[in-house]
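Chemist: First the structure, then my questions, so here it is.
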Amino acid sequence: MATLGIPQNTIAVLQKYNFSFQKKFGQNFLIDTHVLEKIISSADVTKEDFVLEIGPGIGTMTQYLAEHARKVVAVEIDKALIPILEDTLKDYDNVRVINEDILKVDINKLALEENNGQPIKVVANLPYYITTPIIMGLFESHVPISSITVMVQKEVADRMQVGPGTKDYGALSLAVQYYAKPEIVANVPPNCFMPRPNVGSAVIRLTRHEKPPVLVKDEKLMFRLIRASFNQRRKTLTNGLNNASDLSFSKEEVAQALEKMELSPTIRGEALTLEQFAKLSDLLVTVHAECVQ
């Protein structure tokens, strides 16, 4: 089978099947073999590995993954691509394609069936509009994952690895860093894709922490606090948390917790580190319990 990373081969396949790009699926197919090789090497895929690929498109990266991995399961939402994938992947007996929305796939079950429940590697060229829900879904469902290597919008990759006090710092930065170590491994210009996106992209590798870098009594509460503080990032933390519909802490309770942390009552969420959010979460539980008594 001709390598799909070469532009004319991609064009030939698309013409053969009279394929038209779907805006709603945010489709941009990679047409650069160097970038493909970089993704495979960054993901550190070996013959022992079971790889979950999200959004295989016409199978460009799937072919590369199949050459290197023990088994690849590729999940594609667009049913118009299924006959193309059957064609482009017909030479590989270690690939299974599932026509489904990744957010609806039971990945734990997949890891159990295909990899005895051992940690899997995820590789994806993600549509930009759904990057965050997919990555957060993978982490929050506690699927056994050793790493996620993804092509995302450059801006989103930057956001995943920045710290407090920068304009890109937000709920995504904190969530990713709680679960994994983020590292941008390549910047990818628009001309490496067909059709060309309007923005630059980056490949980022998220290596799952063995255990989270901070200890927190109630992980879900901490993330509710984080989301609430960035939903209204111009407001002080006290006001932001007080306005959140899914939190029941009074301004006094928040102020009291901040005082115990020796932080100003007018501080904003964007100034807090992950460690401080964990501490705030634990303190609020204690302060709230004392106030209720």
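Chain labels run A, B, ... following the order of the structure tokens; each chain numbers its residues from 1, and ligands are numbered from 1 in the order shown.
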Can you check which residues of stretch 108-280 of chain A DSSP gives as helix (DSSP H, G or I) on the backbone and send them as a count of residues only?
Modeler: 81
Chemist: Can you pull out every residue within 10 Å of stretch 38-50 of chain A, counting only C-alpha atoms, but drop anything in the same chain fewer than 2 positions away, and send it as a ChimeraX atom specification?
Modeler: /A:33-36,52-53,61,64-73,94,111,114-115,118-125,146-151,183-186,203-207
Chemist: I need the residues of stretch 24-267 of chain A that end up classed as strand (DSSP E or B) by DSSP on the backbone, written out as number ranges by chain.
Modeler: A: 29-30, 50-54, 71-76, 95-99, 120-125, 145-153, 180-188, 193-194, 201-208
Chemist: Would you mind exporting the chosen residues as an mmCIF file, in the first residue's frame, restricted to C-alpha atoms?
Modeler:
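File part_13.cif, as written:
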```
data_model
loop_
_atom_site.group_PDB
_atom_site.id
_atom_site.type_symbol
_atom_site.label_atom_id
_atom_site.label_comp_id
_atom_site.auth_asym_id
_atom_site.auth_seq_id
_atom_site.Cartn_x
_atom_site.Cartn_y
_atom_site.Cartn_z
ATOM 1 C CA PHE A 29 -5.169 15.086 7.229
ATOM 2 C CA LEU A 30 -1.401 14.978 7.792
ATOM 3 C CA PHE A 50 -1.455 -1.681 22.330
ATOM 4 C CA VAL A 51 -2.266 1.706 20.794
ATOM 5 C CA LEU A 52 -5.601 3.492 20.715
ATOM 6 C CA GLU A 53 -5.741 5.939 17.818
ATOM 7 C CA ILE A 54 -8.418 8.614 17.853
ATOM 8 C CA LYS A 71 -2.146 -3.974 18.024
ATOM 9 C CA VAL A 72 -3.916 -0.761 16.989
ATOM 10 C CA VAL A 73 -7.558 0.078 17.548
ATOM 11 C CA ALA A 74 -8.572 3.171 15.567
ATOM 12 C CA VAL A 75 -11.791 4.981 16.480
ATOM 13 C CA GLU A 76 -13.300 7.053 13.640
ATOM 14 C CA VAL A 95 -5.567 -3.102 13.156
ATOM 15 C CA ARG A 96 -9.214 -2.873 14.171
ATOM 16 C CA VAL A 97 -11.359 0.096 13.167
ATOM 17 C CA ILE A 98 -14.359 1.154 15.250
ATOM 18 C CA ASN A 99 -16.894 3.563 13.732
ATOM 19 C CA ILE A 120 -2.324 1.649 26.835
ATOM 20 C CA LYS A 121 -0.797 4.355 24.635
ATOM 21 C CA VAL A 122 -3.054 6.881 22.966
ATOM 22 C CA VAL A 123 -2.035 8.610 19.746
ATOM 23 C CA ALA A 124 -4.217 11.120 17.926
ATOM 24 C CA ASN A 125 -4.432 13.968 15.468
ATOM 25 C CA ILE A 145 -2.996 4.985 30.076
ATOM 26 C CA SER A 146 0.785 5.319 30.049
ATOM 27 C CA SER A 147 0.926 8.246 27.622
ATOM 28 C CA ILE A 148 -1.140 10.374 25.240
ATOM 29 C CA THR A 149 0.694 11.779 22.211
ATOM 30 C CA VAL A 150 -1.502 14.189 20.316
ATOM 31 C CA MET A 151 -1.444 16.737 17.555
ATOM 32 C CA VAL A 152 -3.359 19.781 18.757
ATOM 33 C CA GLN A 153 -3.656 23.474 18.023
ATOM 34 C CA ALA A 180 0.506 13.984 33.461
ATOM 35 C CA LYS A 181 3.819 15.569 32.544
ATOM 36 C CA PRO A 182 3.266 17.639 29.363
ATOM 37 C CA GLU A 183 6.025 18.135 26.804
ATOM 38 C CA ILE A 184 5.764 19.749 23.370
ATOM 39 C CA VAL A 185 7.803 17.559 21.012
ATOM 40 C CA ALA A 186 7.213 19.295 17.667
ATOM 41 C CA ASN A 187 5.686 22.406 16.169
ATOM 42 C CA VAL A 188 3.840 21.722 12.932
ATOM 43 C CA PHE A 193 -2.019 19.251 6.437
ATOM 44 C CA MET A 194 -4.725 18.881 3.832
ATOM 45 C CA SER A 201 -0.258 22.945 15.402
ATOM 46 C CA ALA A 202 1.968 21.138 17.864
ATOM 47 C CA VAL A 203 2.563 17.557 18.911
ATOM 48 C CA ILE A 204 2.424 17.241 22.696
ATOM 49 C CA ARG A 205 3.204 14.154 24.726
ATOM 50 C CA LEU A 206 1.428 13.728 28.055
ATOM 51 C CA THR A 207 3.189 11.124 30.188
ATOM 52 C CA ARG A 208 0.859 9.861 32.883
#
```
Chemist: Extract, using only C-alpha atoms, all DNA, RNA and protein residues at most 10 Å from stretch 247-256 of chain A, discarding same-chain residues fewer than 5 positions from it, and format them as JSON, numbers by chain.
Modeler: {"A": [221, 224, 225, 228, 237, 238, 239, 240, 241, 242, 261, 262, 263, 264, 265, 266, 280, 281, 283, 284, 285, 286, 287, 288, 290, 291]}
Chemist: Which distance in Å separates atom CA of A:Ile82 and atom CA of A:Thr131, to one decimal?
Modeler: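 One can read the atom CA of A:Ile82 to atom CA of A:Thr131 distance as 21.8 Å.
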Chemist: Skip A:Ile130 itself and residues of its chain fewer than 2 positions away, then list as a PDB file with C-alpha atoms, in the first residue's frame all residues within 12 Å of it, counting only C-alpha atoms.
Modeler:
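Listed below is the output, selection31.pdb:
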```pdb
ATOM      1  CA  LYS A  24     -18.239  19.518  11.546  1.00  0.00           C
ATOM      2  CA  PHE A  25     -15.589  16.841  12.192  1.00  0.00           C
ATOM      3  CA  GLY A  26     -12.704  19.332  11.904  1.00  0.00           C
ATOM      4  CA  GLN A  27     -10.856  17.130   9.418  1.00  0.00           C
ATOM      5  CA  ILE A  54      -8.418   8.614  17.853  1.00  0.00           C
ATOM      6  CA  GLY A  55      -9.521  10.020  14.502  1.00  0.00           C
ATOM      7  CA  ASP A 101     -17.632   8.730  18.752  1.00  0.00           C
ATOM      8  CA  ILE A 102     -14.596   8.343  21.052  1.00  0.00           C
ATOM      9  CA  LEU A 103     -16.519  10.018  23.890  1.00  0.00           C
ATOM     10  CA  ALA A 124      -4.217  11.120  17.926  1.00  0.00           C
ATOM     11  CA  ASN A 125      -4.432  13.968  15.468  1.00  0.00           C
ATOM     12  CA  LEU A 126      -7.320  15.655  17.265  1.00  0.00           C
ATOM     13  CA  PRO A 127      -9.958  17.948  15.781  1.00  0.00           C
ATOM     14  CA  TYR A 128      -9.421  21.274  17.510  1.00  0.00           C
ATOM     15  CA  THR A 132     -10.182  19.308  25.656  1.00  0.00           C
ATOM     16  CA  PRO A 133     -13.232  17.042  26.212  1.00  0.00           C
ATOM     17  CA  ILE A 134     -11.338  14.067  24.751  1.00  0.00           C
ATOM     18  CA  ILE A 135      -8.182  14.559  26.817  1.00  0.00           C
ATOM     19  CA  MET A 136     -10.106  15.308  30.006  1.00  0.00           C
ATOM     20  CA  GLY A 137     -12.414  12.345  29.358  1.00  0.00           C
ATOM     21  CA  VAL A 152      -3.359  19.781  18.757  1.00  0.00           C
ATOM     22  CA  GLN A 153      -3.656  23.474  18.023  1.00  0.00           C
ATOM     23  CA  VAL A 156      -3.835  24.512  23.235  1.00  0.00           C
TER      24      VAL A 156
END
```
Chemist: Using Å and a single decimal, report how far atom CA of A:Tyr179 sits from atom CA of A:His209.
Modeler: 5.8 Å
Chemist: Rank nothing, just name the residue among A:Leu172, A:Leu138, A:Leu4, A:Val162 nearest to A:Thr88, using only C-alpha atoms.
Modeler: A:Leu4
Chemist: Which one is closest to A:Ser173: A:Ala12, A:Leu274, A:Leu85, A:Val199? Count only C-alpha atoms.
Modeler: A:Leu274
Chemist: Taking only C-alpha atoms into account, which of A:Glu140, A:Asp218, A:Glu275, A:Asp282 comes nearest A:Ala257?
Modeler: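 So, comparing all the options, the nearest one is A:Asp282.
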